[in-house]
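So this one's model.cif, mmCIF, C-alpha atoms:
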```
data_run
#
loop_
_atom_site.label_atom_id
_atom_site.label_comp_id
_atom_site.auth_asym_id
_atom_site.auth_seq_id
_atom_site.Cartn_x
_atom_site.Cartn_y
_atom_site.Cartn_z
CA MET M 758 -30.27 -14.15 20.97
CA GLN M 759 -32.46 -14.55 17.92
CA PRO M 760 -31.10 -16.25 14.81
CA LEU M 761 -29.48 -13.76 12.49
CA SER M 762 -31.63 -13.83 9.38
CA PHE M 763 -30.78 -12.31 6.05
CA GLN M 764 -32.95 -9.40 7.17
CA SER M 765 -30.69 -8.64 10.11
CA GLY M 766 -31.95 -6.53 12.97
CA ILE M 767 -28.54 -4.85 13.28
CA ARG M 768 -28.88 -1.17 12.46
CA PRO M 769 -26.82 0.23 10.97
CA LEU M 770 -25.42 -2.98 9.52
CA ARG M 771 -21.73 -2.41 8.82
CA SER M 772 -19.23 -5.19 8.24
CA ARG M 773 -15.84 -5.72 6.67
CA LEU M 774 -13.66 -8.04 4.66
CA ALA M 775 -10.34 -8.02 6.53
CA PRO M 776 -7.77 -10.34 4.93
CA THR M 777 -4.10 -10.32 5.90
CA PRO M 778 -1.64 -10.20 2.96
CA SER M 779 0.66 -12.85 4.43
CA GLY M 780 0.09 -15.40 1.68
CA LEU M 781 -2.16 -16.26 -1.24
CA LEU M 782 -5.83 -16.46 -0.29
CA HIS M 783 -7.23 -19.98 0.08
CA LEU M 784 -10.68 -21.55 -0.07
CA GLY M 785 -11.43 -20.75 3.57
CA ASN M 786 -10.75 -17.06 2.97
CA GLY M 787 -13.03 -17.10 -0.05
CA VAL M 788 -15.87 -18.73 1.86
CA ASN M 789 -15.54 -16.18 4.67
CA PHE M 790 -15.72 -13.36 2.12
CA VAL M 791 -18.83 -14.81 0.50
CA LEU M 792 -20.56 -15.34 3.85
CA THR M 793 -19.82 -11.78 4.97
CA TRP M 794 -20.82 -10.27 1.63
CA LEU M 795 -24.04 -12.28 1.57
CA LEU M 796 -25.11 -11.26 5.08
CA VAL M 797 -24.44 -7.60 4.35
CA ARG M 798 -26.12 -7.54 0.95
CA ARG M 799 -29.19 -9.45 2.15
CA GLY M 800 -29.37 -7.19 5.20
CA GLY M 801 -29.08 -3.94 3.23
CA GLY M 802 -25.89 -2.96 5.00
CA SER M 803 -22.53 -1.45 4.10
CA LEU M 804 -19.36 -3.46 3.45
CA ARG M 805 -15.79 -2.20 3.83
CA LEU M 806 -12.62 -3.73 2.43
CA ARG M 807 -9.86 -3.52 5.01
CA ILE M 808 -6.54 -5.21 4.40
CA ASP M 809 -4.70 -5.95 7.65
CA ASP M 810 -1.11 -5.41 6.55
CA GLY M 811 0.22 -4.25 9.91
CA ASP M 812 2.68 -7.16 10.14
CA CYS M 813 5.33 -5.84 7.77
CA THR M 814 7.47 -8.93 8.41
CA ARG M 815 4.95 -11.14 6.58
CA SER M 816 2.89 -8.96 4.24
CA ARG M 817 3.92 -8.63 0.60
CA PRO M 818 2.64 -6.38 -2.23
CA ALA M 819 2.02 -9.49 -4.34
CA TYR M 820 -0.36 -10.80 -1.69
CA VAL M 821 -2.20 -7.47 -1.61
CA GLU M 822 -2.60 -7.74 -5.38
CA ASP M 823 -3.91 -11.29 -4.96
CA ILE M 824 -6.69 -10.02 -2.67
CA PHE M 825 -8.07 -7.68 -5.33
CA TYR M 826 -7.61 -10.34 -8.01
CA GLN M 827 -9.61 -12.97 -6.11
CA LEU M 828 -12.36 -10.60 -5.00
CA ASP M 829 -12.89 -9.77 -8.66
CA TRP M 830 -12.97 -13.49 -9.52
CA LEU M 831 -15.56 -14.10 -6.82
CA GLY M 832 -17.67 -11.21 -8.09
CA LEU M 833 -17.74 -9.48 -4.71
CA ASP M 834 -18.06 -5.72 -4.40
CA TRP M 835 -17.65 -3.40 -1.43
CA ASP M 836 -18.83 0.08 -0.51
CA GLU M 837 -15.82 1.55 1.29
CA GLY M 838 -12.08 1.11 1.21
CA PRO M 839 -9.37 0.86 -1.44
CA GLN M 840 -10.24 0.31 -5.07
CA GLY M 841 -6.89 -1.12 -6.08
CA VAL M 842 -3.34 -1.85 -4.96
CA ASP M 843 -1.98 1.67 -5.46
CA ASP M 844 -4.99 3.22 -3.73
CA PHE M 845 -4.52 0.85 -0.80
CA PHE M 846 -0.89 1.72 -0.18
CA ALA M 847 -1.52 5.43 -0.69
CA ARG M 848 -4.51 5.82 1.63
CA PHE M 849 -5.55 2.68 3.50
CA SER M 850 -2.52 0.73 4.70
CA GLN M 851 -2.42 0.03 8.43
CA ARG M 852 1.11 1.39 8.37
CA LEU M 853 -0.46 4.83 7.97
CA ARG M 854 -2.33 4.38 11.26
CA GLN M 855 0.54 3.71 13.64
CA GLU M 856 -0.14 6.86 15.66
CA ARG M 857 -3.71 5.72 16.28
CA TYR M 858 -2.57 2.30 17.47
CA LEU M 859 0.11 3.85 19.66
CA ALA M 860 -2.44 6.20 21.24
CA LEU M 861 -4.67 3.25 22.08
CA ARG M 862 -1.75 1.38 23.61
CA ASP M 863 -0.77 4.38 25.69
CA GLU M 864 -4.35 4.82 26.91
CA LEU M 865 -4.43 1.21 28.08
CA ALA M 866 -1.08 1.76 29.82
CA ARG M 867 -2.36 4.95 31.45
CA ARG M 868 -5.16 2.88 32.95
CA GLU M 869 -2.53 0.45 34.30
CA LEU M 870 -3.84 -2.38 32.16
CA LEU M 871 -0.53 -3.21 30.45
CA TYR M 872 2.97 -4.24 31.47
CA CYS M 873 6.20 -4.76 29.57
CA CYS M 874 7.57 -8.25 29.02
CA THR M 875 11.13 -9.27 28.16
CA CYS M 876 10.46 -13.01 27.83
CA SER M 877 11.43 -14.63 24.54
CA ARG M 878 9.18 -17.13 22.80
CA ARG M 879 11.71 -19.86 23.54
CA ARG M 880 11.68 -19.06 27.25
CA ILE M 881 7.89 -19.13 27.36
CA ARG M 882 7.80 -22.38 25.40
CA ASP M 883 10.31 -23.94 27.80
CA GLN M 884 8.13 -22.89 30.73
CA VAL M 885 4.62 -23.79 29.56
CA GLY M 886 4.91 -25.48 26.17
CA ASP M 887 1.84 -24.43 24.16
CA GLY M 888 0.08 -23.07 27.24
CA PRO M 889 -0.72 -19.41 27.93
CA TYR M 890 1.93 -16.98 29.14
CA PRO M 891 2.65 -17.69 32.84
CA GLY M 892 2.89 -14.05 33.94
CA THR M 893 6.64 -13.99 34.56
CA CYS M 894 6.92 -10.22 34.04
CA ARG M 895 3.58 -9.25 35.58
CA ASP M 896 5.19 -7.13 38.29
CA ARG M 897 6.91 -4.90 35.75
CA GLY M 898 5.53 -1.53 34.81
CA ALA M 899 4.68 -0.26 31.35
CA VAL M 900 7.90 1.62 30.63
CA PRO M 901 8.78 1.92 26.92
CA ALA M 902 12.10 0.30 26.05
CA PRO M 903 13.59 -1.54 23.07
CA ASP M 904 12.91 -5.24 22.58
CA ARG M 905 9.95 -5.46 24.95
CA ALA M 906 6.44 -6.70 24.33
CA TRP M 907 3.46 -5.09 26.06
CA ARG M 908 0.94 -7.48 27.59
CA ALA M 909 -2.59 -7.00 28.90
CA ARG M 910 -3.26 -7.73 32.55
CA VAL M 911 -6.03 -10.31 32.38
CA PRO M 912 -7.77 -11.04 35.72
CA ALA M 913 -7.57 -14.66 36.80
CA ASP M 914 -11.35 -15.02 36.81
CA CYS M 915 -11.96 -13.13 33.55
CA ARG M 916 -14.83 -14.63 31.55
CA ILE M 917 -15.95 -13.02 28.31
CA GLY M 918 -19.37 -13.71 26.83
CA VAL M 919 -19.39 -14.19 23.05
CA GLY M 920 -22.93 -14.89 21.92
CA GLU M 921 -24.14 -17.92 23.84
CA ARG M 922 -20.62 -18.99 24.81
CA GLU M 923 -18.21 -17.92 27.50
CA VAL M 924 -14.45 -17.73 27.06
CA GLU M 925 -12.17 -18.09 30.09
CA LEU M 926 -9.65 -15.59 28.81
CA MET M 927 -6.86 -16.29 31.29
CA ARG M 928 -7.02 -20.03 30.64
CA GLU M 929 -7.20 -19.63 26.86
CA LEU M 930 -4.77 -16.75 26.22
CA GLY M 931 -3.31 -15.57 29.49
CA ASP M 932 -1.83 -12.08 29.49
CA PHE M 933 -1.86 -11.69 25.71
CA VAL M 934 0.42 -9.41 23.70
CA VAL M 935 -0.96 -6.00 22.75
CA TRP M 936 2.27 -4.48 21.38
CA ARG M 937 5.03 -6.61 19.90
CA ARG M 938 8.75 -6.66 20.65
CA ASP M 939 9.51 -5.38 17.15
CA ASP M 940 7.53 -2.21 17.96
CA LEU M 941 4.41 -3.13 15.98
CA PRO M 942 0.83 -3.34 17.23
CA ALA M 943 -0.41 -6.88 17.78
CA TYR M 944 -3.37 -8.06 15.74
CA GLN M 945 -5.71 -7.78 18.74
CA LEU M 946 -5.05 -4.06 19.15
CA ALA M 947 -4.90 -3.03 15.48
CA SER M 948 -8.04 -4.93 14.53
CA LEU M 949 -9.93 -3.48 17.50
CA ALA M 950 -8.87 0.08 16.66
CA ASP M 951 -9.94 -0.30 13.04
CA ASP M 952 -13.30 -1.86 13.91
CA ILE M 953 -14.00 0.94 16.38
CA ASP M 954 -13.06 3.68 13.92
CA ASP M 955 -14.97 2.03 11.05
CA ARG M 956 -18.06 1.64 13.29
CA ILE M 957 -18.30 -2.07 12.49
CA THR M 958 -21.45 -3.77 13.83
CA LEU M 959 -21.04 -7.26 12.33
CA VAL M 960 -17.86 -9.35 12.37
CA VAL M 961 -17.82 -12.72 10.57
CA ARG M 962 -14.84 -14.90 11.49
CA GLY M 963 -13.62 -18.45 11.52
CA GLU M 964 -14.08 -20.50 14.66
CA ASP M 965 -10.33 -20.31 15.33
CA LEU M 966 -10.65 -16.59 16.09
CA LEU M 967 -13.13 -16.98 18.94
CA THR M 968 -10.43 -16.27 21.53
CA SER M 969 -9.33 -13.21 19.53
CA THR M 970 -12.90 -11.93 19.68
CA ALA M 971 -12.88 -12.45 23.45
CA ALA M 972 -9.54 -10.62 23.80
CA GLN M 973 -10.81 -7.67 21.78
CA LEU M 974 -14.04 -7.52 23.77
CA PHE M 975 -11.92 -7.47 26.93
CA LEU M 976 -9.85 -4.54 25.64
CA ALA M 977 -12.96 -2.70 24.45
CA ALA M 978 -14.51 -3.02 27.90
CA GLN M 979 -11.39 -1.55 29.52
CA LEU M 980 -11.58 1.37 27.08
CA ASP M 981 -15.34 1.89 27.58
CA GLU M 982 -15.93 1.23 23.88
CA ARG M 983 -19.57 0.18 24.13
CA GLY M 984 -20.22 0.33 20.40
CA PHE M 985 -17.76 -2.47 19.72
CA ALA M 986 -19.15 -4.54 22.58
CA ALA M 987 -22.64 -4.25 21.07
CA ALA M 988 -21.58 -5.64 17.68
CA GLU M 989 -22.61 -9.10 16.44
CA PHE M 990 -19.79 -11.66 16.23
CA LEU M 991 -20.43 -14.73 14.10
CA HIS M 992 -17.97 -17.63 13.99
CA HIS M 993 -18.20 -20.21 11.23
CA PRO M 994 -16.63 -23.70 11.08
CA LEU M 995 -13.20 -23.97 9.50
CA LEU M 996 -12.66 -25.81 6.26
CA SER M 997 -10.23 -28.72 6.38
CA CYS M 998 -7.79 -30.20 3.91
CA PRO M 999 -7.97 -33.97 3.19
CA LEU M 1000 -5.68 -34.72 6.17
CA GLY M 1001 -8.09 -33.04 8.54
CA LYS M 1002 -5.99 -29.93 9.21
CA LYS M 1003 -7.53 -26.50 8.87
CA LEU M 1004 -6.82 -24.61 5.69
CA SER M 1005 -4.19 -21.91 6.13
CA LYS M 1006 -1.73 -19.91 4.08
CA SER M 1007 1.22 -21.08 6.13
CA HIS M 1008 0.49 -24.78 5.59
CA GLY M 1009 0.38 -24.47 1.81
CA ALA M 1010 -3.37 -24.90 1.43
CA LEU M 1011 -4.70 -24.82 -2.10
CA SER M 1012 -4.91 -21.17 -3.05
CA LEU M 1013 -7.76 -19.51 -4.90
CA ALA M 1014 -5.21 -18.51 -7.53
CA ALA M 1015 -4.25 -22.16 -8.10
CA MET M 1016 -7.91 -23.17 -8.25
CA ARG M 1017 -8.57 -20.49 -10.84
CA GLN M 1018 -5.56 -21.47 -12.92
CA ALA M 1019 -6.75 -25.09 -12.85
CA GLY M 1020 -10.06 -24.05 -14.37
CA VAL M 1021 -12.11 -24.27 -11.18
CA GLY M 1022 -14.91 -21.72 -11.12
CA PRO M 1023 -16.02 -19.54 -8.20
CA ALA M 1024 -19.14 -21.68 -7.78
CA THR M 1025 -16.94 -24.05 -5.76
CA VAL M 1026 -16.64 -21.31 -3.15
CA TYR M 1027 -20.34 -20.39 -3.35
CA ARG M 1028 -21.42 -24.01 -2.80
CA GLU M 1029 -19.21 -24.32 0.26
CA ALA M 1030 -20.81 -21.18 1.67
CA ALA M 1031 -24.26 -22.63 0.93
CA ARG M 1032 -23.28 -25.83 2.75
CA LEU M 1033 -22.21 -23.94 5.85
CA LEU M 1034 -25.50 -22.06 5.82
CA GLY M 1035 -27.56 -25.23 5.47
CA LEU M 1036 -28.87 -24.16 2.06
CA PRO M 1037 -29.51 -26.54 -0.87
CA SER M 1038 -26.35 -26.99 -2.93
CA GLU M 1039 -28.01 -25.56 -6.04
CA CYS M 1040 -28.29 -22.22 -4.22
CA GLY M 1041 -24.50 -22.07 -4.50
CA ASP M 1042 -24.41 -22.30 -8.27
CA SER M 1043 -24.08 -18.53 -8.37
CA LEU M 1044 -24.06 -15.44 -6.19
CA ALA M 1045 -27.52 -14.67 -7.51
CA GLY M 1046 -28.68 -18.05 -6.22
CA LEU M 1047 -27.33 -17.31 -2.75
CA LEU M 1048 -28.99 -13.91 -2.75
CA ALA M 1049 -32.32 -15.42 -3.79
CA ALA M 1050 -32.28 -18.23 -1.20
CA PRO M 1051 -35.44 -17.91 0.92
CA ALA M 1052 -34.06 -19.41 4.13
CA ALA M 1053 -32.72 -17.48 7.08
CA VAL M 1054 -29.10 -17.94 8.01
CA PRO M 1055 -29.14 -20.64 10.73
CA TRP M 1056 -26.80 -18.82 13.09
CA ARG M 1057 -27.69 -18.80 16.75
CA GLY M 1058 -25.67 -16.87 19.24
CA ASP M 1059 -22.28 -16.47 17.61
CA ARG M 1060 -22.03 -19.68 15.56
CA LEU M 1061 -23.69 -22.12 13.23
CA PRO M 1062 -25.55 -24.76 15.25
CA ALA M 1063 -24.33 -28.35 15.20
CA GLY M 1064 -25.54 -30.05 12.05
CA ALA M 1065 -25.83 -26.93 9.93
CA ALA M 1066 -22.34 -27.49 8.64
#
```

Take the structure I supplied and represent it as structure tokens, if you would.
Amino acid sequence: MQPLSFQSGIRPLRSRLAPTPSGLLHLGNGVNFVLTWLLVRRGGGSLRLRIDDGDCTRSRPAYVEDIFYQLDWLGLDWDEGPQGVDDFFARFSQRLRQERYLALRDELARRELLYCCTCSRRRIRDQVGDGPYPGTCRDRGAVPAPDRAWRARVPADCRIGVGEREVELMRELGDFVVWRRDDLPAYQLASLADDIDDRITLVVRGEDLLTSTAAQLFLAAQLDERGFAAAEFLHHPLLSCPLGKKLSKSHGALSLAAMRQAGVGPATVYREAARLLGLPSECGDSLAGLLAAPAAVPWRGDRLPAGAA
């Protein structure tokens, strides 16, 4: 695969910003937004804002508000999607799309690709620790009932190509959850459905979501969704806190809101994006500097090559 330059060959070029409102956005989120925005704007494409609020147990209105607040601070615009908090909840929340997700689940079940699972997290942890689900309920059918998760039947030899890499899906994820025990779609299913319906052709993600990409490509193949399979998937290195752990909302990483309140400007985010792209640091002094950078983005396959970061 050729390196993805700022003048991308993807046509039409359509991407998305897809944060989850489960906490305040942190530096890693901001860098992902800037990278995605930059690729789309330099490639003459269309950018959609999509807020993945399907997990109602974790999402909060205050976190939705934070997303709009930080996008404004970063100076990032988008072409489609909600224009504010009220507009989001009225027209764009994933909670308004439950019928679509349910239809996709039922289609997978009709093709005998799912089964119901009654195993608790504790039971699975006792069996395999942090390993993939061992297939305890694999012989069950896909019969709707309370307090059951729905899992995908992943073949033992399933290998999914993502760019120049190959993911052994059974070894990495096992029979992953498609529909949760609390009767909500799992991230893998909801994100896939939205990307299909939004006709997304470029997905920019952190390296930690490589297995999620593979899982979604697996589901798309079972559903004969060739458009999704033809999209570009780019995975960038994760940013780390001083102790070497990846930045995350759940681990209390420094939020963009805290950075802003401390007087830190958005150029901190731009420079980190420039670093990941192998651009001179001065290109990250502003968004205009990133847009004017002459170099191509040094992505090959689905990731930045070693040394670019």

>> Assuming the chain letters and numbering stay as they are in my file, what does the PyMOL selection byres ((chain M and resi 928) around 9) actually select? List them as a count of residues only.
In response: 11

>> Between M:Leu1044, M:Leu1011, M:Ala972, M:Cys813, which residue has the minimum interatomic distance to M:Asp834, considering only C-alpha atoms?
In response: M:Leu1044

>> Counting all atoms listed in the file, which residues have an atom no more than 9 Å from (13.8, -11.0, 25.2) in the file's coordinates? Please list them as a count of residues only.
In response: 10

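Using all atoms listed in the file, the nearest neighbour of M:Tyr872 within the list M:Ala1031, M:Leu941, M:Val934, M:Leu974 is M:Val934.
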
> What separation in Å, quoted to one decimal, exists between atom CA of M:Leu1048 and atom CA of M:Tyr1027?
Replying inline: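 Distance reported for this atom pair: 10.8 Å.
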
Which residues fall under the PyMOL selection byres ((chain M and resi 848-864) around 9) in this file, as a compact mmCIF listing (two decimals) with C-alpha atoms, in the coordinates of the input?
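Full text of part.txt as output:
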```txt
# COMPACT_ATOMS: atom_id res chain seq x y z
CA ARG M 807 -9.86 -3.52 5.01
CA ILE M 808 -6.54 -5.21 4.40
CA ASP M 809 -4.70 -5.95 7.65
CA ASP M 810 -1.11 -5.41 6.55
CA GLY M 811 0.22 -4.25 9.91
CA ASP M 812 2.68 -7.16 10.14
CA CYS M 813 5.33 -5.84 7.77
CA GLY M 838 -12.08 1.11 1.21
CA PRO M 839 -9.37 0.86 -1.44
CA ASP M 843 -1.98 1.67 -5.46
CA ASP M 844 -4.99 3.22 -3.73
CA PHE M 845 -4.52 0.85 -0.80
CA PHE M 846 -0.89 1.72 -0.18
CA ALA M 847 -1.52 5.43 -0.69
CA LEU M 865 -4.43 1.21 28.08
CA ALA M 866 -1.08 1.76 29.82
CA ARG M 867 -2.36 4.95 31.45
CA ARG M 868 -5.16 2.88 32.95
CA GLU M 869 -2.53 0.45 34.30
CA LEU M 870 -3.84 -2.38 32.16
CA LEU M 871 -0.53 -3.21 30.45
CA TRP M 907 3.46 -5.09 26.06
CA VAL M 935 -0.96 -6.00 22.75
CA TRP M 936 2.27 -4.48 21.38
CA LEU M 941 4.41 -3.13 15.98
CA PRO M 942 0.83 -3.34 17.23
CA LEU M 946 -5.05 -4.06 19.15
CA ALA M 947 -4.90 -3.03 15.48
CA ALA M 950 -8.87 0.08 16.66
CA ASP M 951 -9.94 -0.30 13.04
CA LEU M 980 -11.58 1.37 27.08
```

> Which residues come within 9 Å of M:Leu949, counting only C-alpha atoms, excluding same-chain residues fewer than 6 positions away, as a list in words?
Replying inline: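 So the residues in contact are Gln973, Leu974, Leu976, Ala977 and Phe985 of chain M.
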
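As for atom CA of M:Ser779 and atom CA of M:Ser803, they are spaced 25.8 Å apart.
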
> What gap, in Å, lies between atom CA of M:Leu1034 and atom CA of M:Glu989?
Replying inline: 17.0 Å

> In terms of the shortest atom-to-atom distance over only C-alpha atoms, which of M:Cys1040, M:Val960, M:Ile953, M:Leu1013 is closest to M:Leu828?
Replying inline: M:Leu1013

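Across M:Gly1020, M:Pro776, M:Pro769, M:Gly898, the tightest approach to M:Asp823 is made by M:Pro776 when counting all atoms listed in the file.
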